[in-house]
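What follows is the content of final18.cif (mmCIF, N, CA and C atoms).
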data_structure
#
loop_
_atom_site.label_atom_id
_atom_site.label_comp_id
_atom_site.auth_asym_id
_atom_site.auth_seq_id
_atom_site.Cartn_x
_atom_site.Cartn_y
_atom_site.Cartn_z
N MET A 1 -5.17 -26.62 15.90
CA MET A 1 -4.80 -25.41 15.19
C MET A 1 -4.85 -25.66 13.69
N THR A 2 -5.19 -24.62 12.96
CA THR A 2 -5.33 -24.70 11.51
C THR A 2 -4.40 -23.68 10.86
N THR A 3 -3.70 -24.11 9.83
CA THR A 3 -2.84 -23.22 9.07
C THR A 3 -3.61 -22.68 7.87
N ILE A 4 -3.49 -21.37 7.64
CA ILE A 4 -4.17 -20.72 6.52
C ILE A 4 -3.12 -20.30 5.50
N ARG A 5 -3.30 -20.77 4.28
CA ARG A 5 -2.46 -20.35 3.16
C ARG A 5 -3.40 -19.78 2.10
N SER A 6 -3.36 -18.49 1.94
CA SER A 6 -4.26 -17.82 1.00
C SER A 6 -3.88 -18.09 -0.44
N GLY A 7 -4.89 -18.30 -1.28
CA GLY A 7 -4.66 -18.42 -2.72
C GLY A 7 -4.81 -17.10 -3.44
N SER A 8 -5.15 -16.03 -2.68
CA SER A 8 -5.38 -14.72 -3.27
C SER A 8 -4.37 -13.67 -2.84
N ALA A 9 -3.99 -13.68 -1.57
CA ALA A 9 -3.06 -12.68 -1.04
C ALA A 9 -1.65 -12.93 -1.56
N ALA A 10 -0.81 -11.91 -1.47
CA ALA A 10 0.60 -12.06 -1.89
C ALA A 10 1.25 -13.22 -1.15
N GLU A 11 2.09 -13.95 -1.85
CA GLU A 11 2.77 -15.11 -1.27
C GLU A 11 3.70 -14.68 -0.14
N PRO A 12 3.83 -15.52 0.91
CA PRO A 12 4.81 -15.23 1.96
C PRO A 12 6.22 -15.20 1.37
N LEU A 13 7.09 -14.40 1.98
CA LEU A 13 8.47 -14.27 1.50
C LEU A 13 9.41 -15.28 2.14
N GLY A 14 8.89 -16.11 3.03
CA GLY A 14 9.72 -17.08 3.71
C GLY A 14 8.90 -18.28 4.15
N PRO A 15 9.48 -19.11 5.00
CA PRO A 15 8.80 -20.33 5.45
C PRO A 15 7.81 -20.07 6.59
N TYR A 16 6.69 -19.44 6.26
CA TYR A 16 5.64 -19.19 7.25
C TYR A 16 4.29 -19.15 6.55
N ALA A 17 3.25 -19.35 7.33
CA ALA A 17 1.88 -19.33 6.81
C ALA A 17 1.35 -17.92 6.82
N HIS A 18 0.31 -17.68 6.04
CA HIS A 18 -0.37 -16.39 6.10
C HIS A 18 -0.98 -16.18 7.47
N ALA A 19 -1.54 -17.26 8.04
CA ALA A 19 -2.22 -17.15 9.33
C ALA A 19 -2.33 -18.52 9.99
N ARG A 20 -2.58 -18.49 11.30
CA ARG A 20 -2.88 -19.72 12.06
C ARG A 20 -4.10 -19.45 12.91
N ARG A 21 -5.00 -20.40 12.89
CA ARG A 21 -6.17 -20.34 13.76
C ARG A 21 -5.89 -21.18 15.00
N ALA A 22 -6.12 -20.58 16.16
CA ALA A 22 -5.96 -21.28 17.44
C ALA A 22 -7.24 -21.02 18.23
N GLY A 23 -8.08 -22.03 18.36
CA GLY A 23 -9.37 -21.84 19.02
C GLY A 23 -10.19 -20.83 18.25
N GLY A 24 -10.67 -19.81 18.95
CA GLY A 24 -11.49 -18.79 18.33
C GLY A 24 -10.73 -17.60 17.82
N LEU A 25 -9.41 -17.69 17.78
CA LEU A 25 -8.60 -16.56 17.31
C LEU A 25 -7.83 -16.91 16.05
N LEU A 26 -7.66 -15.90 15.21
CA LEU A 26 -6.88 -16.03 13.99
C LEU A 26 -5.71 -15.05 14.08
N PHE A 27 -4.49 -15.57 13.96
CA PHE A 27 -3.27 -14.76 14.05
C PHE A 27 -2.65 -14.67 12.67
N LEU A 28 -2.60 -13.46 12.11
CA LEU A 28 -1.97 -13.28 10.81
C LEU A 28 -0.49 -12.98 10.97
N SER A 29 0.31 -13.48 10.05
CA SER A 29 1.72 -13.10 9.99
C SER A 29 1.80 -11.63 9.59
N GLY A 30 2.98 -11.04 9.68
CA GLY A 30 3.16 -9.68 9.18
C GLY A 30 2.87 -9.67 7.68
N ILE A 31 1.97 -8.78 7.26
CA ILE A 31 1.52 -8.74 5.87
C ILE A 31 2.04 -7.46 5.22
N GLY A 32 2.74 -7.64 4.12
CA GLY A 32 3.33 -6.51 3.41
C GLY A 32 2.53 -6.11 2.18
N PRO A 33 3.02 -5.08 1.48
CA PRO A 33 2.30 -4.51 0.34
C PRO A 33 2.74 -5.06 -1.01
N ARG A 34 2.28 -6.22 -1.34
CA ARG A 34 2.53 -6.76 -2.68
C ARG A 34 1.23 -7.35 -3.21
N THR A 35 1.23 -7.64 -4.49
CA THR A 35 0.12 -8.32 -5.14
C THR A 35 0.58 -9.72 -5.49
N ARG A 36 -0.28 -10.69 -5.31
CA ARG A 36 0.07 -12.08 -5.61
C ARG A 36 0.65 -12.20 -7.02
N GLY A 37 1.77 -12.90 -7.12
CA GLY A 37 2.40 -13.14 -8.41
C GLY A 37 3.27 -12.00 -8.91
N SER A 38 3.42 -10.94 -8.12
CA SER A 38 4.21 -9.79 -8.56
C SER A 38 5.29 -9.46 -7.54
N ARG A 39 6.40 -8.93 -8.00
CA ARG A 39 7.46 -8.47 -7.11
C ARG A 39 7.43 -6.95 -6.96
N ASP A 40 6.50 -6.29 -7.68
CA ASP A 40 6.41 -4.83 -7.61
C ASP A 40 5.71 -4.39 -6.34
N ILE A 41 6.23 -3.34 -5.74
CA ILE A 41 5.63 -2.74 -4.56
C ILE A 41 4.72 -1.60 -5.03
N PRO A 42 3.43 -1.64 -4.69
CA PRO A 42 2.52 -0.57 -5.13
C PRO A 42 3.01 0.81 -4.68
N GLY A 43 2.95 1.76 -5.60
CA GLY A 43 3.35 3.13 -5.30
C GLY A 43 4.83 3.41 -5.36
N ALA A 44 5.65 2.39 -5.63
CA ALA A 44 7.10 2.58 -5.70
C ALA A 44 7.48 3.12 -7.08
N VAL A 45 8.35 4.13 -7.08
CA VAL A 45 8.90 4.68 -8.32
C VAL A 45 10.39 4.38 -8.30
N VAL A 46 10.85 3.70 -9.34
CA VAL A 46 12.27 3.35 -9.41
C VAL A 46 12.90 4.01 -10.64
N ASP A 47 14.21 4.28 -10.53
CA ASP A 47 14.91 4.87 -11.67
C ASP A 47 15.37 3.78 -12.63
N SER A 48 16.08 4.15 -13.68
CA SER A 48 16.50 3.19 -14.71
C SER A 48 17.44 2.11 -14.18
N SER A 49 18.11 2.38 -13.05
CA SER A 49 18.99 1.36 -12.47
C SER A 49 18.27 0.53 -11.41
N GLY A 50 16.96 0.76 -11.24
CA GLY A 50 16.19 -0.04 -10.29
C GLY A 50 16.20 0.48 -8.88
N ARG A 51 16.78 1.66 -8.65
CA ARG A 51 16.81 2.23 -7.30
C ARG A 51 15.53 2.99 -6.99
N LEU A 52 15.08 2.86 -5.75
CA LEU A 52 13.87 3.54 -5.32
C LEU A 52 14.07 5.05 -5.33
N VAL A 53 13.17 5.75 -6.00
CA VAL A 53 13.22 7.21 -6.08
C VAL A 53 12.17 7.80 -5.13
N GLU A 54 11.00 7.20 -5.09
CA GLU A 54 9.89 7.70 -4.28
C GLU A 54 8.96 6.54 -3.97
N TYR A 55 8.19 6.68 -2.89
CA TYR A 55 7.18 5.67 -2.58
C TYR A 55 5.93 6.35 -2.04
N SER A 56 4.83 5.64 -2.13
CA SER A 56 3.55 6.12 -1.63
C SER A 56 3.13 5.26 -0.45
N ILE A 57 3.17 5.84 0.74
CA ILE A 57 2.76 5.08 1.92
C ILE A 57 1.28 4.73 1.81
N GLU A 58 0.48 5.61 1.18
CA GLU A 58 -0.94 5.30 1.01
C GLU A 58 -1.12 4.04 0.17
N ALA A 59 -0.42 3.94 -0.96
CA ALA A 59 -0.54 2.76 -1.82
C ALA A 59 -0.08 1.50 -1.09
N GLU A 60 0.99 1.62 -0.31
CA GLU A 60 1.48 0.45 0.42
C GLU A 60 0.50 0.00 1.49
N ILE A 61 -0.08 0.94 2.23
CA ILE A 61 -1.04 0.59 3.28
C ILE A 61 -2.28 -0.06 2.67
N ARG A 62 -2.79 0.53 1.60
CA ARG A 62 -3.98 -0.04 0.95
C ARG A 62 -3.70 -1.46 0.46
N SER A 63 -2.51 -1.70 -0.06
CA SER A 63 -2.14 -3.04 -0.52
C SER A 63 -2.06 -4.01 0.66
N CYS A 64 -1.46 -3.58 1.76
CA CYS A 64 -1.40 -4.42 2.97
C CYS A 64 -2.81 -4.80 3.41
N PHE A 65 -3.69 -3.80 3.51
CA PHE A 65 -5.06 -4.04 3.97
C PHE A 65 -5.83 -4.94 3.01
N GLU A 66 -5.59 -4.82 1.71
CA GLU A 66 -6.24 -5.71 0.75
C GLU A 66 -5.78 -7.15 0.96
N ASN A 67 -4.49 -7.36 1.20
CA ASN A 67 -3.98 -8.69 1.50
C ASN A 67 -4.59 -9.23 2.79
N VAL A 68 -4.67 -8.39 3.82
CA VAL A 68 -5.28 -8.80 5.09
C VAL A 68 -6.73 -9.21 4.84
N ARG A 69 -7.48 -8.40 4.10
CA ARG A 69 -8.89 -8.71 3.82
C ARG A 69 -9.04 -10.08 3.15
N MET A 70 -8.19 -10.37 2.16
CA MET A 70 -8.28 -11.65 1.46
C MET A 70 -7.99 -12.82 2.40
N ILE A 71 -6.99 -12.68 3.25
CA ILE A 71 -6.65 -13.75 4.19
C ILE A 71 -7.79 -13.96 5.18
N LEU A 72 -8.33 -12.86 5.72
CA LEU A 72 -9.46 -12.97 6.64
C LEU A 72 -10.63 -13.71 6.00
N GLU A 73 -10.98 -13.33 4.78
CA GLU A 73 -12.12 -13.95 4.10
C GLU A 73 -11.90 -15.43 3.88
N GLU A 74 -10.68 -15.81 3.48
CA GLU A 74 -10.40 -17.23 3.24
C GLU A 74 -10.41 -18.03 4.53
N ALA A 75 -10.25 -17.34 5.68
CA ALA A 75 -10.30 -18.01 6.98
C ALA A 75 -11.69 -17.94 7.60
N GLY A 76 -12.67 -17.38 6.88
CA GLY A 76 -14.03 -17.30 7.38
C GLY A 76 -14.29 -16.10 8.28
N CYS A 77 -13.43 -15.09 8.20
CA CYS A 77 -13.56 -13.88 9.01
C CYS A 77 -13.83 -12.68 8.12
N GLY A 78 -14.16 -11.57 8.76
CA GLY A 78 -14.35 -10.32 8.04
C GLY A 78 -13.63 -9.20 8.75
N TRP A 79 -13.67 -8.02 8.15
CA TRP A 79 -12.99 -6.84 8.70
C TRP A 79 -13.47 -6.54 10.11
N LYS A 80 -14.76 -6.72 10.36
CA LYS A 80 -15.34 -6.42 11.67
C LYS A 80 -14.84 -7.37 12.76
N ASP A 81 -14.22 -8.48 12.37
CA ASP A 81 -13.74 -9.46 13.34
C ASP A 81 -12.33 -9.15 13.85
N ILE A 82 -11.68 -8.14 13.29
CA ILE A 82 -10.33 -7.77 13.73
C ILE A 82 -10.41 -7.18 15.14
N VAL A 83 -9.56 -7.69 16.04
CA VAL A 83 -9.55 -7.17 17.41
C VAL A 83 -8.27 -6.41 17.75
N ASP A 84 -7.18 -6.69 17.03
CA ASP A 84 -5.91 -6.03 17.32
C ASP A 84 -5.11 -5.86 16.04
N VAL A 85 -4.50 -4.69 15.88
CA VAL A 85 -3.68 -4.39 14.71
C VAL A 85 -2.34 -3.84 15.19
N ALA A 86 -1.26 -4.39 14.67
CA ALA A 86 0.08 -3.85 14.90
C ALA A 86 0.62 -3.40 13.55
N VAL A 87 1.10 -2.17 13.49
CA VAL A 87 1.61 -1.62 12.23
C VAL A 87 3.06 -1.19 12.45
N TYR A 88 3.90 -1.56 11.50
CA TYR A 88 5.32 -1.23 11.55
C TYR A 88 5.62 -0.28 10.40
N LEU A 89 6.10 0.91 10.72
CA LEU A 89 6.47 1.92 9.73
C LEU A 89 7.98 2.14 9.76
N THR A 90 8.59 2.41 8.61
CA THR A 90 10.03 2.67 8.60
C THR A 90 10.37 4.15 8.76
N ASP A 91 9.38 5.03 8.61
CA ASP A 91 9.63 6.47 8.77
C ASP A 91 8.39 7.14 9.35
N MET A 92 8.27 7.08 10.65
CA MET A 92 7.10 7.60 11.35
C MET A 92 6.90 9.09 11.06
N LYS A 93 7.99 9.84 11.08
CA LYS A 93 7.89 11.29 10.88
C LYS A 93 7.32 11.62 9.49
N ARG A 94 7.83 10.96 8.47
CA ARG A 94 7.39 11.23 7.09
C ARG A 94 5.98 10.71 6.84
N ASP A 95 5.66 9.51 7.37
CA ASP A 95 4.47 8.79 6.94
C ASP A 95 3.29 8.80 7.90
N TRP A 96 3.46 9.26 9.13
CA TRP A 96 2.41 9.14 10.15
C TRP A 96 1.08 9.75 9.71
N LYS A 97 1.09 10.99 9.25
CA LYS A 97 -0.15 11.69 8.94
C LYS A 97 -0.95 10.95 7.86
N GLU A 98 -0.29 10.56 6.78
CA GLU A 98 -0.97 9.86 5.69
C GLU A 98 -1.41 8.47 6.13
N TYR A 99 -0.56 7.78 6.85
CA TYR A 99 -0.91 6.45 7.39
C TYR A 99 -2.15 6.55 8.27
N ASN A 100 -2.17 7.48 9.19
CA ASN A 100 -3.29 7.62 10.12
C ASN A 100 -4.58 7.97 9.39
N ARG A 101 -4.49 8.80 8.35
CA ARG A 101 -5.67 9.15 7.55
C ARG A 101 -6.25 7.92 6.86
N VAL A 102 -5.38 7.16 6.18
CA VAL A 102 -5.84 5.97 5.47
C VAL A 102 -6.36 4.93 6.46
N TYR A 103 -5.67 4.74 7.57
CA TYR A 103 -6.12 3.80 8.59
C TYR A 103 -7.54 4.14 9.03
N GLY A 104 -7.82 5.43 9.22
CA GLY A 104 -9.15 5.88 9.63
C GLY A 104 -10.24 5.58 8.63
N GLU A 105 -9.89 5.45 7.35
CA GLU A 105 -10.88 5.06 6.34
C GLU A 105 -11.30 3.61 6.54
N TYR A 106 -10.35 2.77 6.91
CA TYR A 106 -10.63 1.35 7.11
C TYR A 106 -11.22 1.07 8.48
N PHE A 107 -10.84 1.87 9.46
CA PHE A 107 -11.32 1.73 10.83
C PHE A 107 -11.84 3.09 11.31
N PRO A 108 -13.07 3.44 10.93
CA PRO A 108 -13.59 4.77 11.27
C PRO A 108 -13.67 4.98 12.78
N PRO A 109 -13.20 6.14 13.26
CA PRO A 109 -13.31 6.45 14.69
C PRO A 109 -14.77 6.34 15.15
N GLY A 110 -14.95 5.79 16.33
CA GLY A 110 -16.29 5.65 16.88
C GLY A 110 -17.02 4.39 16.45
N SER A 111 -16.41 3.61 15.57
CA SER A 111 -17.01 2.37 15.10
C SER A 111 -17.18 1.39 16.26
N GLU A 112 -18.25 0.61 16.21
CA GLU A 112 -18.51 -0.41 17.24
C GLU A 112 -17.43 -1.49 17.24
N THR A 113 -16.78 -1.70 16.10
CA THR A 113 -15.80 -2.78 15.97
C THR A 113 -14.36 -2.25 15.87
N LEU A 114 -14.12 -1.06 16.40
CA LEU A 114 -12.79 -0.46 16.33
C LEU A 114 -11.78 -1.33 17.11
N PRO A 115 -10.74 -1.84 16.43
CA PRO A 115 -9.77 -2.70 17.12
C PRO A 115 -8.76 -1.87 17.93
N THR A 116 -8.03 -2.56 18.78
CA THR A 116 -6.89 -1.91 19.43
C THR A 116 -5.79 -1.78 18.38
N ARG A 117 -4.84 -0.87 18.62
CA ARG A 117 -3.80 -0.64 17.62
C ARG A 117 -2.49 -0.26 18.30
N THR A 118 -1.41 -0.78 17.74
CA THR A 118 -0.06 -0.38 18.11
C THR A 118 0.66 -0.03 16.83
N THR A 119 1.35 1.12 16.81
CA THR A 119 2.14 1.52 15.65
C THR A 119 3.54 1.83 16.15
N VAL A 120 4.53 1.22 15.53
CA VAL A 120 5.91 1.46 15.92
C VAL A 120 6.76 1.73 14.69
N GLU A 121 7.85 2.46 14.90
CA GLU A 121 8.82 2.68 13.84
C GLU A 121 9.92 1.64 13.97
N VAL A 122 10.30 1.07 12.86
CA VAL A 122 11.39 0.10 12.80
C VAL A 122 12.43 0.61 11.81
N SER A 123 13.66 0.15 11.96
CA SER A 123 14.73 0.66 11.09
C SER A 123 14.63 0.12 9.67
N ALA A 124 14.05 -1.04 9.50
CA ALA A 124 13.92 -1.61 8.16
C ALA A 124 12.90 -2.73 8.17
N LEU A 125 12.34 -3.01 7.01
CA LEU A 125 11.45 -4.15 6.79
C LEU A 125 12.00 -4.93 5.60
N PRO A 126 11.54 -6.16 5.38
CA PRO A 126 12.06 -6.94 4.25
C PRO A 126 11.87 -6.22 2.92
N THR A 127 12.73 -6.49 1.98
CA THR A 127 12.60 -5.89 0.66
C THR A 127 11.24 -6.23 0.08
N GLY A 128 10.84 -7.47 0.13
CA GLY A 128 9.48 -7.84 -0.24
C GLY A 128 9.17 -7.81 -1.72
N GLY A 129 10.04 -7.32 -2.54
CA GLY A 129 9.77 -7.23 -3.97
C GLY A 129 10.89 -6.51 -4.65
N ASN A 130 10.53 -5.58 -5.54
CA ASN A 130 11.56 -4.88 -6.31
C ASN A 130 12.19 -3.72 -5.53
N THR A 131 11.61 -3.35 -4.39
CA THR A 131 12.16 -2.28 -3.55
C THR A 131 11.89 -2.61 -2.09
N PRO A 132 12.53 -1.90 -1.17
CA PRO A 132 12.17 -2.09 0.25
C PRO A 132 10.71 -1.68 0.48
N ILE A 133 10.11 -2.27 1.49
CA ILE A 133 8.76 -1.86 1.87
C ILE A 133 8.86 -0.91 3.06
N HIS A 134 7.80 -0.13 3.28
CA HIS A 134 7.82 0.90 4.31
C HIS A 134 6.75 0.70 5.36
N VAL A 135 5.93 -0.35 5.19
CA VAL A 135 4.87 -0.66 6.15
C VAL A 135 4.59 -2.16 6.12
N GLU A 136 4.29 -2.69 7.30
CA GLU A 136 3.86 -4.08 7.44
C GLU A 136 2.78 -4.10 8.51
N VAL A 137 1.77 -4.96 8.32
CA VAL A 137 0.62 -5.00 9.22
C VAL A 137 0.47 -6.40 9.79
N LYS A 138 0.24 -6.49 11.09
CA LYS A 138 -0.01 -7.76 11.78
C LYS A 138 -1.36 -7.66 12.46
N VAL A 139 -2.20 -8.69 12.30
CA VAL A 139 -3.58 -8.63 12.76
C VAL A 139 -3.92 -9.88 13.58
N VAL A 140 -4.76 -9.66 14.59
CA VAL A 140 -5.41 -10.76 15.32
C VAL A 140 -6.91 -10.55 15.16
N ALA A 141 -7.63 -11.62 14.81
CA ALA A 141 -9.09 -11.53 14.61
C ALA A 141 -9.78 -12.66 15.37
N CYS A 142 -11.05 -12.44 15.69
CA CYS A 142 -11.90 -13.48 16.26
C CYS A 142 -12.57 -14.22 15.11
N VAL A 143 -12.62 -15.53 15.20
CA VAL A 143 -13.28 -16.33 14.20
C VAL A 143 -14.75 -16.48 14.61
N PRO A 144 -15.69 -16.03 13.76
CA PRO A 144 -17.10 -16.15 14.12
C PRO A 144 -17.47 -17.59 14.45
N GLY A 145 -18.08 -17.79 15.58
CA GLY A 145 -18.50 -19.13 16.00
C GLY A 145 -17.35 -19.99 16.47
N GLY A 146 -16.11 -19.44 16.47
CA GLY A 146 -14.94 -20.22 16.89
C GLY A 146 -14.91 -20.41 18.39
N ALA A 147 -14.33 -21.49 18.81
CA ALA A 147 -14.24 -21.76 20.25
C ALA A 147 -12.82 -21.98 20.66
#
Show me, as structure tokens, the structure contained in the file I just sent.
Amino acid sequence: MTTIRSGSAAEPLGPYAHARRAGGLLFLSGIGPRTRGSRDIPGAVVDSSGRLVEYSIEAEIRSCFENVRMILEEAGCGWKDIVDVAVYLTDMKRDWKEYNRVYGEYFPPGSETLPTRTTVEVSALPTGGNTPIHVEVKVVACVPGGA
């Protein structure tokens, strides 16, 4: 097994690797919406006391997917190699429509490489930066030529 620690994606928030390769499969940890070296959550609007006023689920999802892309590339994989996606949302009712729209941009319906997907609502996700996060993505990919 090989441990993957990305030099480009946002740093893990705890004692875990970005991903582990086991045979021909790559298992990513839950990936949140941050940029490497920053504690700011994309799309978050905070007031003068630092409290979250508003957030953009679109900005958070795009940030998650950008982190996933960087980890995949550093492990020798690409977007087309993703076989399974698990997405955790903190407010399914508020965010489902926008999340599903953005997801469809990254994984167009009818695509030959469309992965399986599970989406669940959770009561909370790690703060992850200057505010709570509202989405986290977990991915399994096939490693090209992996055995």
Selected residue, from A:Asp81, A:Arg36, A:Leu52, A:Pro42, that lies nearest to Gly7 of chain A when counting only N, CA and C atoms: A:Arg36
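Restricting the calculation to all atoms listed in the file, the smallest distance between Ile41 of chain A and any of A:Leu13, A:Leu26, A:Val143, A:Ile133 is found for A:Ile133.
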Straight-line distance linking atom CA of Glu74 of chain A with atom N of Ala19 of chain A, stated in Å to one decimal: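 So the answer is 10.1 Å.
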Among the residues A:Met1, A:His134, A:Gly146, A:Lys93, the one that comes closest to Glu60 of chain A [using all atoms listed in the file]: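 Of A:Met1, A:His134, A:Gly146, A:Lys93, the one nearest Glu60 of chain A is A:His134, counting all atoms listed in the file.
What the PyMOL selection byres ((chain A and resi 124-126) around 8) matches in the given file is A:Tyr88, A:Leu89, A:Thr90, A:Asp91, A:Glu121, A:Val122, A:Ser123, A:Thr127, A:Gly128, A:Gly129, A:Thr131, A:Pro132, A:Ile133, A:His134, A:Val135, A:Glu136.
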Given the PyMOL selection byres ((chain A and resi 63) around 8), the residues it picks as a PyMOL selection string: chain A and resi 31-35+42+57-62+64-69
All alpha helix (DSSP H) positions in chain A, as a VMD selection string: chain A and resid 57 to 74 92 to 106
Keeping only N, CA and C atoms, take the residues you just selected and write them out as an mmCIF file, in the frame of the given file.
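Below is the file selection-v9.cif, written as the result:
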data_model
loop_
_atom_site.group_PDB
_atom_site.id
_atom_site.type_symbol
_atom_site.label_atom_id
_atom_site.label_comp_id
_atom_site.auth_asym_id
_atom_site.auth_seq_id
_atom_site.Cartn_x
_atom_site.Cartn_y
_atom_site.Cartn_z
ATOM 1 N N ILE A 57 3.170 5.840 0.740
ATOM 2 C CA ILE A 57 2.760 5.080 1.920
ATOM 3 C C ILE A 57 1.280 4.730 1.810
ATOM 4 N N GLU A 58 0.480 5.610 1.180
ATOM 5 C CA GLU A 58 -0.940 5.300 1.010
ATOM 6 C C GLU A 58 -1.120 4.040 0.170
ATOM 7 N N ALA A 59 -0.420 3.940 -0.960
ATOM 8 C CA ALA A 59 -0.540 2.760 -1.820
ATOM 9 C C ALA A 59 -0.080 1.500 -1.090
ATOM 10 N N GLU A 60 0.990 1.620 -0.310
ATOM 11 C CA GLU A 60 1.480 0.450 0.420
ATOM 12 C C GLU A 60 0.500 0.000 1.490
ATOM 13 N N ILE A 61 -0.080 0.940 2.230
ATOM 14 C CA ILE A 61 -1.040 0.590 3.280
ATOM 15 C C ILE A 61 -2.280 -0.060 2.670
ATOM 16 N N ARG A 62 -2.790 0.530 1.600
ATOM 17 C CA ARG A 62 -3.980 -0.040 0.950
ATOM 18 C C ARG A 62 -3.700 -1.460 0.460
ATOM 19 N N SER A 63 -2.510 -1.700 -0.060
ATOM 20 C CA SER A 63 -2.140 -3.040 -0.520
ATOM 21 C C SER A 63 -2.060 -4.010 0.660
ATOM 22 N N CYS A 64 -1.460 -3.580 1.760
ATOM 23 C CA CYS A 64 -1.400 -4.420 2.970
ATOM 24 C C CYS A 64 -2.810 -4.800 3.410
ATOM 25 N N PHE A 65 -3.690 -3.800 3.510
ATOM 26 C CA PHE A 65 -5.060 -4.040 3.970
ATOM 27 C C PHE A 65 -5.830 -4.940 3.010
ATOM 28 N N GLU A 66 -5.590 -4.820 1.710
ATOM 29 C CA GLU A 66 -6.240 -5.710 0.750
ATOM 30 C C GLU A 66 -5.780 -7.150 0.960
ATOM 31 N N ASN A 67 -4.490 -7.360 1.200
ATOM 32 C CA ASN A 67 -3.980 -8.690 1.500
ATOM 33 C C ASN A 67 -4.590 -9.230 2.790
ATOM 34 N N VAL A 68 -4.670 -8.390 3.820
ATOM 35 C CA VAL A 68 -5.280 -8.800 5.090
ATOM 36 C C VAL A 68 -6.730 -9.210 4.840
ATOM 37 N N ARG A 69 -7.480 -8.400 4.100
ATOM 38 C CA ARG A 69 -8.890 -8.710 3.820
ATOM 39 C C ARG A 69 -9.040 -10.080 3.150
ATOM 40 N N MET A 70 -8.190 -10.370 2.160
ATOM 41 C CA MET A 70 -8.280 -11.650 1.460
ATOM 42 C C MET A 70 -7.990 -12.820 2.400
ATOM 43 N N ILE A 71 -6.990 -12.680 3.250
ATOM 44 C CA ILE A 71 -6.650 -13.750 4.190
ATOM 45 C C ILE A 71 -7.790 -13.960 5.180
ATOM 46 N N LEU A 72 -8.330 -12.860 5.720
ATOM 47 C CA LEU A 72 -9.460 -12.970 6.640
ATOM 48 C C LEU A 72 -10.630 -13.710 6.000
ATOM 49 N N GLU A 73 -10.980 -13.330 4.780
ATOM 50 C CA GLU A 73 -12.120 -13.950 4.100
ATOM 51 C C GLU A 73 -11.900 -15.430 3.880
ATOM 52 N N GLU A 74 -10.680 -15.810 3.480
ATOM 53 C CA GLU A 74 -10.400 -17.230 3.240
ATOM 54 C C GLU A 74 -10.410 -18.030 4.530
ATOM 55 N N MET A 92 8.270 7.080 10.650
ATOM 56 C CA MET A 92 7.100 7.600 11.350
ATOM 57 C C MET A 92 6.900 9.090 11.060
ATOM 58 N N LYS A 93 7.990 9.840 11.080
ATOM 59 C CA LYS A 93 7.890 11.290 10.880
ATOM 60 C C LYS A 93 7.320 11.620 9.490
ATOM 61 N N ARG A 94 7.830 10.960 8.470
ATOM 62 C CA ARG A 94 7.390 11.230 7.090
ATOM 63 C C ARG A 94 5.980 10.710 6.840
ATOM 64 N N ASP A 95 5.660 9.510 7.370
ATOM 65 C CA ASP A 95 4.470 8.790 6.940
ATOM 66 C C ASP A 95 3.290 8.800 7.900
ATOM 67 N N TRP A 96 3.460 9.260 9.130
ATOM 68 C CA TRP A 96 2.410 9.140 10.150
ATOM 69 C C TRP A 96 1.080 9.750 9.710
ATOM 70 N N LYS A 97 1.090 10.990 9.250
ATOM 71 C CA LYS A 97 -0.150 11.690 8.940
ATOM 72 C C LYS A 97 -0.950 10.950 7.860
ATOM 73 N N GLU A 98 -0.290 10.560 6.780
ATOM 74 C CA GLU A 98 -0.970 9.860 5.690
ATOM 75 C C GLU A 98 -1.410 8.470 6.130
ATOM 76 N N TYR A 99 -0.560 7.780 6.850
ATOM 77 C CA TYR A 99 -0.910 6.450 7.390
ATOM 78 C C TYR A 99 -2.150 6.550 8.270
ATOM 79 N N ASN A 100 -2.170 7.480 9.190
ATOM 80 C CA ASN A 100 -3.290 7.620 10.120
ATOM 81 C C ASN A 100 -4.580 7.970 9.390
ATOM 82 N N ARG A 101 -4.490 8.800 8.350
ATOM 83 C CA ARG A 101 -5.670 9.150 7.550
ATOM 84 C C ARG A 101 -6.250 7.920 6.860
ATOM 85 N N VAL A 102 -5.380 7.160 6.180
ATOM 86 C CA VAL A 102 -5.840 5.970 5.470
ATOM 87 C C VAL A 102 -6.360 4.930 6.460
ATOM 88 N N TYR A 103 -5.670 4.740 7.570
ATOM 89 C CA TYR A 103 -6.120 3.800 8.590
ATOM 90 C C TYR A 103 -7.540 4.140 9.030
ATOM 91 N N GLY A 104 -7.820 5.430 9.220
ATOM 92 C CA GLY A 104 -9.150 5.880 9.630
ATOM 93 C C GLY A 104 -10.240 5.580 8.630
ATOM 94 N N GLU A 105 -9.890 5.450 7.350
ATOM 95 C CA GLU A 105 -10.880 5.060 6.340
ATOM 96 C C GLU A 105 -11.300 3.610 6.540
ATOM 97 N N TYR A 106 -10.350 2.770 6.910
ATOM 98 C CA TYR A 106 -10.630 1.350 7.110
ATOM 99 C C TYR A 106 -11.220 1.070 8.480
#
Separation of atom CA of Arg39 of chain A from atom CA of Glu11 of chain A in Å: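 Taking atom CA of Glu11 of chain A and atom CA of Arg39 of chain A, their separation equals 10.0 Å.
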Any chance you could resolve the PyMOL selection byres ((chain A and resi 113) around 7) against this file and give the residues as a CSV table (one decimal) with N, CA and C atoms, in the coordinates of the input?
chain,number,residue,atom,x,y,z
A,80,LYS,N,-14.8,-6.7,10.4
A,80,LYS,CA,-15.3,-6.4,11.7
A,80,LYS,C,-14.8,-7.4,12.8
A,81,ASP,N,-14.2,-8.5,12.4
A,81,ASP,CA,-13.7,-9.5,13.3
A,81,ASP,C,-12.3,-9.2,13.8
A,82,ILE,N,-11.7,-8.1,13.3
A,82,ILE,CA,-10.3,-7.8,13.7
A,82,ILE,C,-10.4,-7.2,15.1
A,110,GLY,N,-15.0,5.8,16.3
A,110,GLY,CA,-16.3,5.6,16.9
A,110,GLY,C,-17.0,4.4,16.4
A,111,SER,N,-16.4,3.6,15.6
A,111,SER,CA,-17.0,2.4,15.1
A,111,SER,C,-17.2,1.4,16.3
A,112,GLU,N,-18.2,0.6,16.2
A,112,GLU,CA,-18.5,-0.4,17.2
A,112,GLU,C,-17.4,-1.5,17.2
A,114,LEU,N,-14.1,-1.1,16.4
A,114,LEU,CA,-12.8,-0.5,16.3
A,114,LEU,C,-11.8,-1.3,17.1
A,115,PRO,N,-10.7,-1.8,16.4
A,115,PRO,CA,-9.8,-2.7,17.1
A,115,PRO,C,-8.8,-1.9,17.9
A,116,THR,N,-8.0,-2.6,18.8
A,116,THR,CA,-6.9,-1.9,19.4
A,116,THR,C,-5.8,-1.8,18.4
